[in-house]
$ cat my_file-v7.cif   # mmCIF, C-alpha atoms
data_coords
loop_
_atom_site.group_PDB
_atom_site.id
_atom_site.type_symbol
_atom_site.label_atom_id
_atom_site.label_comp_id
_atom_site.auth_asym_id
_atom_site.auth_seq_id
_atom_site.Cartn_x
_atom_site.Cartn_y
_atom_site.Cartn_z
ATOM 1 C CA MET A 155 -8.089 -13.978 4.080
ATOM 2 C CA THR A 156 -10.952 -11.624 3.383
ATOM 3 C CA LEU A 157 -10.445 -8.556 1.220
ATOM 4 C CA THR A 158 -12.789 -5.668 0.614
ATOM 5 C CA GLY A 159 -13.357 -4.225 -2.831
ATOM 6 C CA ALA A 160 -11.301 -1.194 -1.811
ATOM 7 C CA GLN A 161 -8.362 -3.403 -0.784
ATOM 8 C CA ILE A 162 -8.490 -5.294 -4.088
ATOM 9 C CA HIS A 163 -8.568 -1.955 -5.905
ATOM 10 C CA VAL A 164 -5.380 -0.860 -4.082
ATOM 11 C CA ILE A 165 -3.584 -4.146 -4.855
ATOM 12 C CA VAL A 166 -4.513 -4.056 -8.542
ATOM 13 C CA GLY A 167 -3.931 -0.296 -8.749
ATOM 14 C CA ALA A 168 -0.316 -0.757 -7.669
ATOM 15 C CA LEU A 169 0.291 -2.544 -10.985
ATOM 16 C CA ASP A 170 -0.162 0.812 -12.767
ATOM 17 C CA MET A 171 3.045 2.121 -11.206
ATOM 18 C CA PRO A 172 6.097 1.963 -13.513
ATOM 19 C CA GLY A 173 8.172 -1.171 -13.046
ATOM 20 C CA VAL A 174 5.719 -2.953 -10.747
ATOM 21 C CA LEU A 175 5.315 -6.575 -11.852
ATOM 22 C CA ALA A 176 3.352 -7.902 -8.881
ATOM 23 C CA SER A 177 1.344 -6.641 -5.951
ATOM 24 C CA THR A 178 -0.054 -8.309 -2.855
ATOM 25 C CA ALA A 179 -1.624 -7.655 0.513
ATOM 26 C CA VAL A 180 0.403 -6.855 3.604
ATOM 27 C CA ARG A 181 1.198 -9.946 5.656
ATOM 28 C CA ARG A 182 -0.365 -9.733 9.123
ATOM 29 C CA MET A 183 -0.264 -12.816 11.280
ATOM 30 C CA VAL A 184 -2.764 -12.891 14.123
ATOM 31 C CA THR A 185 -1.118 -14.726 16.999
ATOM 32 C CA ARG A 186 -3.434 -13.658 19.781
ATOM 33 C CA GLY A 187 -4.199 -16.759 21.839
ATOM 34 C CA SER A 188 -1.279 -18.702 20.343
ATOM 35 C CA ALA A 189 1.433 -20.447 22.355
ATOM 36 C CA VAL A 190 4.635 -18.494 23.076
ATOM 37 C CA PRO A 191 6.744 -20.515 20.571
ATOM 38 C CA VAL A 192 4.241 -19.703 17.796
ATOM 39 C CA LYS A 193 4.317 -16.015 18.685
ATOM 40 C CA GLY A 194 8.120 -16.114 18.699
ATOM 41 C CA TYR A 195 8.277 -17.855 15.334
ATOM 42 C CA TYR A 196 6.149 -15.188 13.653
ATOM 43 C CA ALA A 197 7.867 -12.338 15.516
ATOM 44 C CA ILE A 198 11.192 -13.474 14.040
ATOM 45 C CA ASN A 199 9.773 -14.155 10.571
ATOM 46 C CA ASN A 200 8.243 -10.678 10.419
ATOM 47 C CA ARG A 201 11.740 -9.219 10.804
ATOM 48 C CA LEU A 202 13.360 -11.295 8.046
ATOM 49 C CA PRO A 203 13.526 -9.717 4.562
ATOM 50 C CA LEU A 204 12.580 -13.048 2.958
ATOM 51 C CA PHE A 205 9.228 -13.047 4.709
ATOM 52 C CA ARG A 206 8.737 -9.278 4.775
ATOM 53 C CA ASN A 207 9.285 -8.746 1.039
ATOM 54 C CA ALA A 208 8.137 -12.060 -0.463
ATOM 55 C CA LEU A 209 4.967 -12.667 -2.421
ATOM 56 C CA PHE A 210 4.358 -16.189 -1.090
ATOM 57 C CA GLY A 211 1.997 -16.850 1.781
ATOM 58 C CA ARG A 212 -0.113 -13.745 1.172
ATOM 59 C CA GLY A 213 -3.303 -15.389 -0.029
ATOM 60 C CA VAL A 214 -3.566 -13.176 -3.104
ATOM 61 C CA ILE A 215 -1.115 -11.951 -5.727
ATOM 62 C CA ALA A 216 -1.920 -9.627 -8.639
ATOM 63 C CA LEU A 217 0.400 -9.737 -11.659
ATOM 64 C CA SER A 218 0.850 -7.213 -14.440
ATOM 65 C CA LYS A 219 1.062 -8.566 -18.006
ATOM 66 C CA GLU A 220 4.853 -8.327 -17.772
ATOM 67 C CA GLY A 221 4.822 -10.010 -14.368
ATOM 68 C CA ALA A 222 2.688 -12.871 -15.666
ATOM 69 C CA THR A 223 5.053 -13.337 -18.620
ATOM 70 C CA ALA A 224 8.088 -13.340 -16.317
ATOM 71 C CA SER A 225 6.371 -15.759 -13.949
ATOM 72 C CA ARG A 226 5.655 -18.228 -16.747
ATOM 73 C CA ALA A 227 9.242 -17.943 -18.002
ATOM 74 C CA SER A 228 10.878 -18.651 -14.628
ATOM 75 C CA PRO A 229 11.742 -22.249 -13.707
ATOM 76 C CA GLY A 230 9.785 -24.008 -10.983
#
$ encode --input "my_file-v7.cif" --output "structure tokens"
Amino acid sequence: MTLTGAQIHVIVGALDMPGVLASTAVRRMVTRGSAVPVKGYYAINNRLPLFRNALFGRGVIALSKEGATASRASPG
């Protein structure tokens, strides 16, 4: 993943909004040139709330102070 300074600014800037504990980039999977099963897998995943709304697999996650504290306090 490559981010511009402007994109990093947007991700970090989102932490200034009330109640925001974490911010990340939008997940965009490039499947051009991939086999049909791979395209299908990501087409389905992109529709599932778990993958659409999750922080994992994004390449970058910004945490507010409160988000970092909550992250350290959670098991696993």
$ atom_distance --input "my_file-v7.cif" --atom1 "atom CA of A:Pro229" --atom2 "atom CA of A:Arg201"
27.8 Å
$ residues_around --input "my_file-v7.cif" --residues "A:Asp170" --least-positions-apart "6" --cutoff "12 Å" --atoms "only C-alpha atoms" --output "ChimeraX atom specification"
/A:163-164,176-177,216-220
$ closest_residue --input "my_file-v7.cif" --among "A:Ala227, A:Ala222, A:Gly194, A:Ala179" --to "A:Asn207" --atoms "all atoms listed in the file"
A:Ala179
$ closest_residue --input "my_file-v7.cif" --among "A:Ala224, A:Ala189, A:Val214, A:Ala197" --to "A:Gln161" --atoms "all atoms listed in the file"
A:Val214
$ residues_around --input "my_file-v7.cif" --residues "A:Gly211" --least-positions-apart "3" --cutoff "12 Å" --atoms "all atoms listed in the file" --output "number ranges by chain"
A: 155, 178-183, 204-208, 214-215
$ axis_aligned_box --input "my_file-v7.cif" --around "stretch 177-181 of chain A" --padding-each-side "6 Å" --output "JSON"
{"center_x": -0.1, "center_y": -8.3, "center_z": -0.1, "size_x": 15.0, "size_y": 15.3, "size_z": 23.6}
$ atom_distance --input "my_file-v7.cif" --atom1 "atom CA of A:Leu175" --atom2 "atom CA of A:Arg226"
12.6 Å
$ atom_distance --input "my_file-v7.cif" --atom1 "atom CA of A:Leu157" --atom2 "atom CA of A:Val184"
15.6 Å
$ closest_residue --input "my_file-v7.cif" --among "A:Val192, A:Val174, A:Leu209, A:Asn199" --to "A:Gly221" --atoms "only C-alpha atoms"
A:Val174
$ decode --input "my_file-v7.cif" --residues "stretch 173-219 of chain A" --atoms "N, CA and C atoms" --output "PDB file, in the first residue's frame"
ATOM      1  N   GLY A 173     -15.739  10.857  19.271  1.00  0.00           N
ATOM      2  CA  GLY A 173     -16.066   9.436  19.354  1.00  0.00           C
ATOM      3  C   GLY A 173     -15.274   8.524  18.435  1.00  0.00           C
ATOM      4  N   VAL A 174     -14.434   9.071  17.584  1.00  0.00           N
ATOM      5  CA  VAL A 174     -13.656   8.236  16.665  1.00  0.00           C
ATOM      6  C   VAL A 174     -12.417   7.734  17.398  1.00  0.00           C
ATOM      7  N   LEU A 175     -12.282   6.409  17.491  1.00  0.00           N
ATOM      8  CA  LEU A 175     -11.156   5.790  18.174  1.00  0.00           C
ATOM      9  C   LEU A 175     -10.079   5.323  17.204  1.00  0.00           C
ATOM     10  N   ALA A 176     -10.489   5.027  15.966  1.00  0.00           N
ATOM     11  CA  ALA A 176      -9.542   4.520  14.977  1.00  0.00           C
ATOM     12  C   ALA A 176      -9.971   4.954  13.589  1.00  0.00           C
ATOM     13  N   SER A 177      -8.988   5.036  12.714  1.00  0.00           N
ATOM     14  CA  SER A 177      -9.249   5.431  11.331  1.00  0.00           C
ATOM     15  C   SER A 177      -8.314   4.640  10.429  1.00  0.00           C
ATOM     16  N   THR A 178      -8.755   4.362   9.224  1.00  0.00           N
ATOM     17  CA  THR A 178      -7.946   3.586   8.294  1.00  0.00           C
ATOM     18  C   THR A 178      -8.303   3.941   6.860  1.00  0.00           C
ATOM     19  N   ALA A 179      -7.541   3.413   5.945  1.00  0.00           N
ATOM     20  CA  ALA A 179      -7.791   3.650   4.525  1.00  0.00           C
ATOM     21  C   ALA A 179      -8.941   2.763   4.038  1.00  0.00           C
ATOM     22  N   VAL A 180      -9.539   3.158   2.957  1.00  0.00           N
ATOM     23  CA  VAL A 180     -10.588   2.355   2.333  1.00  0.00           C
ATOM     24  C   VAL A 180      -9.943   1.120   1.715  1.00  0.00           C
ATOM     25  N   ARG A 181     -10.594  -0.026   1.901  1.00  0.00           N
ATOM     26  CA  ARG A 181     -10.081  -1.268   1.326  1.00  0.00           C
ATOM     27  C   ARG A 181     -10.470  -1.336  -0.155  1.00  0.00           C
ATOM     28  N   ARG A 182      -9.484  -1.438  -1.012  1.00  0.00           N
ATOM     29  CA  ARG A 182      -9.722  -1.608  -2.451  1.00  0.00           C
ATOM     30  C   ARG A 182      -8.829  -2.730  -2.947  1.00  0.00           C
ATOM     31  N   MET A 183      -9.434  -3.817  -3.316  1.00  0.00           N
ATOM     32  CA  MET A 183      -8.678  -4.957  -3.815  1.00  0.00           C
ATOM     33  C   MET A 183      -8.621  -4.884  -5.341  1.00  0.00           C
ATOM     34  N   VAL A 184      -7.438  -4.916  -5.873  1.00  0.00           N
ATOM     35  CA  VAL A 184      -7.257  -4.909  -7.324  1.00  0.00           C
ATOM     36  C   VAL A 184      -7.208  -6.358  -7.777  1.00  0.00           C
ATOM     37  N   THR A 185      -8.224  -6.759  -8.522  1.00  0.00           N
ATOM     38  CA  THR A 185      -8.301  -8.148  -8.987  1.00  0.00           C
ATOM     39  C   THR A 185      -8.134  -8.272 -10.494  1.00  0.00           C
ATOM     40  N   ARG A 186      -7.834  -7.180 -11.137  1.00  0.00           N
ATOM     41  CA  ARG A 186      -7.619  -7.212 -12.579  1.00  0.00           C
ATOM     42  C   ARG A 186      -6.515  -8.230 -12.892  1.00  0.00           C
ATOM     43  N   GLY A 187      -6.800  -9.143 -13.797  1.00  0.00           N
ATOM     44  CA  GLY A 187      -5.835 -10.163 -14.175  1.00  0.00           C
ATOM     45  C   GLY A 187      -5.880 -11.397 -13.286  1.00  0.00           C
ATOM     46  N   SER A 188      -6.734 -11.377 -12.261  1.00  0.00           N
ATOM     47  CA  SER A 188      -6.846 -12.535 -11.367  1.00  0.00           C
ATOM     48  C   SER A 188      -7.815 -13.558 -11.934  1.00  0.00           C
ATOM     49  N   ALA A 189      -7.697 -14.788 -11.449  1.00  0.00           N
ATOM     50  CA  ALA A 189      -8.607 -15.867 -11.860  1.00  0.00           C
ATOM     51  C   ALA A 189     -10.019 -15.564 -11.359  1.00  0.00           C
ATOM     52  N   VAL A 190     -11.015 -16.130 -12.011  1.00  0.00           N
ATOM     53  CA  VAL A 190     -12.421 -15.899 -11.666  1.00  0.00           C
ATOM     54  C   VAL A 190     -12.710 -16.237 -10.197  1.00  0.00           C
ATOM     55  N   PRO A 191     -12.211 -17.366  -9.652  1.00  0.00           N
ATOM     56  CA  PRO A 191     -12.495 -17.631  -8.232  1.00  0.00           C
ATOM     57  C   PRO A 191     -11.947 -16.538  -7.297  1.00  0.00           C
ATOM     58  N   VAL A 192     -10.808 -15.978  -7.618  1.00  0.00           N
ATOM     59  CA  VAL A 192     -10.234 -14.901  -6.797  1.00  0.00           C
ATOM     60  C   VAL A 192     -11.122 -13.668  -6.879  1.00  0.00           C
ATOM     61  N   LYS A 193     -11.549 -13.325  -8.074  1.00  0.00           N
ATOM     62  CA  LYS A 193     -12.450 -12.182  -8.244  1.00  0.00           C
ATOM     63  C   LYS A 193     -13.746 -12.399  -7.478  1.00  0.00           C
ATOM     64  N   GLY A 194     -14.275 -13.614  -7.524  1.00  0.00           N
ATOM     65  CA  GLY A 194     -15.507 -13.935  -6.811  1.00  0.00           C
ATOM     66  C   GLY A 194     -15.346 -13.835  -5.310  1.00  0.00           C
ATOM     67  N   TYR A 195     -14.227 -14.335  -4.812  1.00  0.00           N
ATOM     68  CA  TYR A 195     -13.934 -14.282  -3.377  1.00  0.00           C
ATOM     69  C   TYR A 195     -13.960 -12.844  -2.880  1.00  0.00           C
ATOM     70  N   TYR A 196     -13.262 -11.958  -3.573  1.00  0.00           N
ATOM     71  CA  TYR A 196     -13.214 -10.556  -3.132  1.00  0.00           C
ATOM     72  C   TYR A 196     -14.519  -9.822  -3.406  1.00  0.00           C
ATOM     73  N   ALA A 197     -15.249 -10.206  -4.435  1.00  0.00           N
ATOM     74  CA  ALA A 197     -16.556  -9.589  -4.697  1.00  0.00           C
ATOM     75  C   ALA A 197     -17.513  -9.880  -3.549  1.00  0.00           C
ATOM     76  N   ILE A 198     -17.467 -11.110  -3.031  1.00  0.00           N
ATOM     77  CA  ILE A 198     -18.328 -11.476  -1.900  1.00  0.00           C
ATOM     78  C   ILE A 198     -17.845 -10.788  -0.630  1.00  0.00           C
ATOM     79  N   ASN A 199     -16.540 -10.844  -0.367  1.00  0.00           N
ATOM     80  CA  ASN A 199     -16.003 -10.218   0.843  1.00  0.00           C
ATOM     81  C   ASN A 199     -16.328  -8.736   0.922  1.00  0.00           C
ATOM     82  N   ASN A 200     -16.275  -8.053  -0.212  1.00  0.00           N
ATOM     83  CA  ASN A 200     -16.555  -6.611  -0.224  1.00  0.00           C
ATOM     84  C   ASN A 200     -17.984  -6.295   0.168  1.00  0.00           C
ATOM     85  N   ARG A 201     -18.868  -7.275   0.109  1.00  0.00           N
ATOM     86  CA  ARG A 201     -20.272  -7.065   0.476  1.00  0.00           C
ATOM     87  C   ARG A 201     -20.563  -7.430   1.933  1.00  0.00           C
ATOM     88  N   LEU A 202     -19.638  -8.101   2.593  1.00  0.00           N
ATOM     89  CA  LEU A 202     -19.857  -8.541   3.968  1.00  0.00           C
ATOM     90  C   LEU A 202     -19.462  -7.441   4.954  1.00  0.00           C
ATOM     91  N   PRO A 203     -20.332  -7.143   5.939  1.00  0.00           N
ATOM     92  CA  PRO A 203     -20.016  -6.098   6.910  1.00  0.00           C
ATOM     93  C   PRO A 203     -18.687  -6.341   7.631  1.00  0.00           C
ATOM     94  N   LEU A 204     -18.364  -7.585   7.925  1.00  0.00           N
ATOM     95  CA  LEU A 204     -17.112  -7.892   8.617  1.00  0.00           C
ATOM     96  C   LEU A 204     -15.921  -7.327   7.862  1.00  0.00           C
ATOM     97  N   PHE A 205     -15.900  -7.509   6.569  1.00  0.00           N
ATOM     98  CA  PHE A 205     -14.782  -7.029   5.765  1.00  0.00           C
ATOM     99  C   PHE A 205     -14.927  -5.551   5.408  1.00  0.00           C
ATOM    100  N   ARG A 206     -16.147  -5.100   5.237  1.00  0.00           N
ATOM    101  CA  ARG A 206     -16.387  -3.711   4.838  1.00  0.00           C
ATOM    102  C   ARG A 206     -16.068  -2.734   5.969  1.00  0.00           C
ATOM    103  N   ASN A 207     -16.368  -3.127   7.209  1.00  0.00           N
ATOM    104  CA  ASN A 207     -16.247  -2.215   8.343  1.00  0.00           C
ATOM    105  C   ASN A 207     -15.057  -2.491   9.255  1.00  0.00           C
ATOM    106  N   ALA A 208     -14.299  -3.545   8.981  1.00  0.00           N
ATOM    107  CA  ALA A 208     -13.210  -3.941   9.877  1.00  0.00           C
ATOM    108  C   ALA A 208     -11.945  -3.124   9.644  1.00  0.00           C
ATOM    109  N   LEU A 209     -11.121  -3.079  10.672  1.00  0.00           N
ATOM    110  CA  LEU A 209      -9.846  -2.378  10.575  1.00  0.00           C
ATOM    111  C   LEU A 209      -8.745  -3.285  10.021  1.00  0.00           C
ATOM    112  N   PHE A 210      -8.877  -4.601  10.193  1.00  0.00           N
ATOM    113  CA  PHE A 210      -7.798  -5.494   9.776  1.00  0.00           C
ATOM    114  C   PHE A 210      -7.645  -5.538   8.256  1.00  0.00           C
ATOM    115  N   GLY A 211      -6.454  -5.850   7.826  1.00  0.00           N
ATOM    116  CA  GLY A 211      -6.187  -6.003   6.399  1.00  0.00           C
ATOM    117  C   GLY A 211      -6.134  -4.706   5.615  1.00  0.00           C
ATOM    118  N   ARG A 212      -5.971  -3.590   6.272  1.00  0.00           N
ATOM    119  CA  ARG A 212      -5.963  -2.293   5.597  1.00  0.00           C
ATOM    120  C   ARG A 212      -4.567  -1.777   5.310  1.00  0.00           C
ATOM    121  N   GLY A 213      -3.567  -2.304   6.007  1.00  0.00           N
ATOM    122  CA  GLY A 213      -2.210  -1.843   5.788  1.00  0.00           C
ATOM    123  C   GLY A 213      -1.793  -0.711   6.698  1.00  0.00           C
ATOM    124  N   VAL A 214      -2.755   0.062   7.176  1.00  0.00           N
ATOM    125  CA  VAL A 214      -2.449   1.173   8.083  1.00  0.00           C
ATOM    126  C   VAL A 214      -3.675   1.445   8.952  1.00  0.00           C
ATOM    127  N   ILE A 215      -3.415   1.676  10.235  1.00  0.00           N
ATOM    128  CA  ILE A 215      -4.488   2.024  11.166  1.00  0.00           C
ATOM    129  C   ILE A 215      -3.963   3.148  12.056  1.00  0.00           C
ATOM    130  N   ALA A 216      -4.714   4.219  12.180  1.00  0.00           N
ATOM    131  CA  ALA A 216      -4.381   5.314  13.089  1.00  0.00           C
ATOM    132  C   ALA A 216      -5.303   5.204  14.299  1.00  0.00           C
ATOM    133  N   LEU A 217      -4.739   5.330  15.493  1.00  0.00           N
ATOM    134  CA  LEU A 217      -5.517   5.253  16.725  1.00  0.00           C
ATOM    135  C   LEU A 217      -5.436   6.566  17.486  1.00  0.00           C
ATOM    136  N   SER A 218      -6.580   6.971  18.043  1.00  0.00           N
ATOM    137  CA  SER A 218      -6.571   8.113  18.964  1.00  0.00           C
ATOM    138  C   SER A 218      -5.960   7.629  20.283  1.00  0.00           C
ATOM    139  N   LYS A 219      -5.705   8.547  21.214  1.00  0.00           N
ATOM    140  CA  LYS A 219      -5.201   8.133  22.530  1.00  0.00           C
ATOM    141  C   LYS A 219      -6.169   7.149  23.189  1.00  0.00           C
TER     142      LYS A 219
END
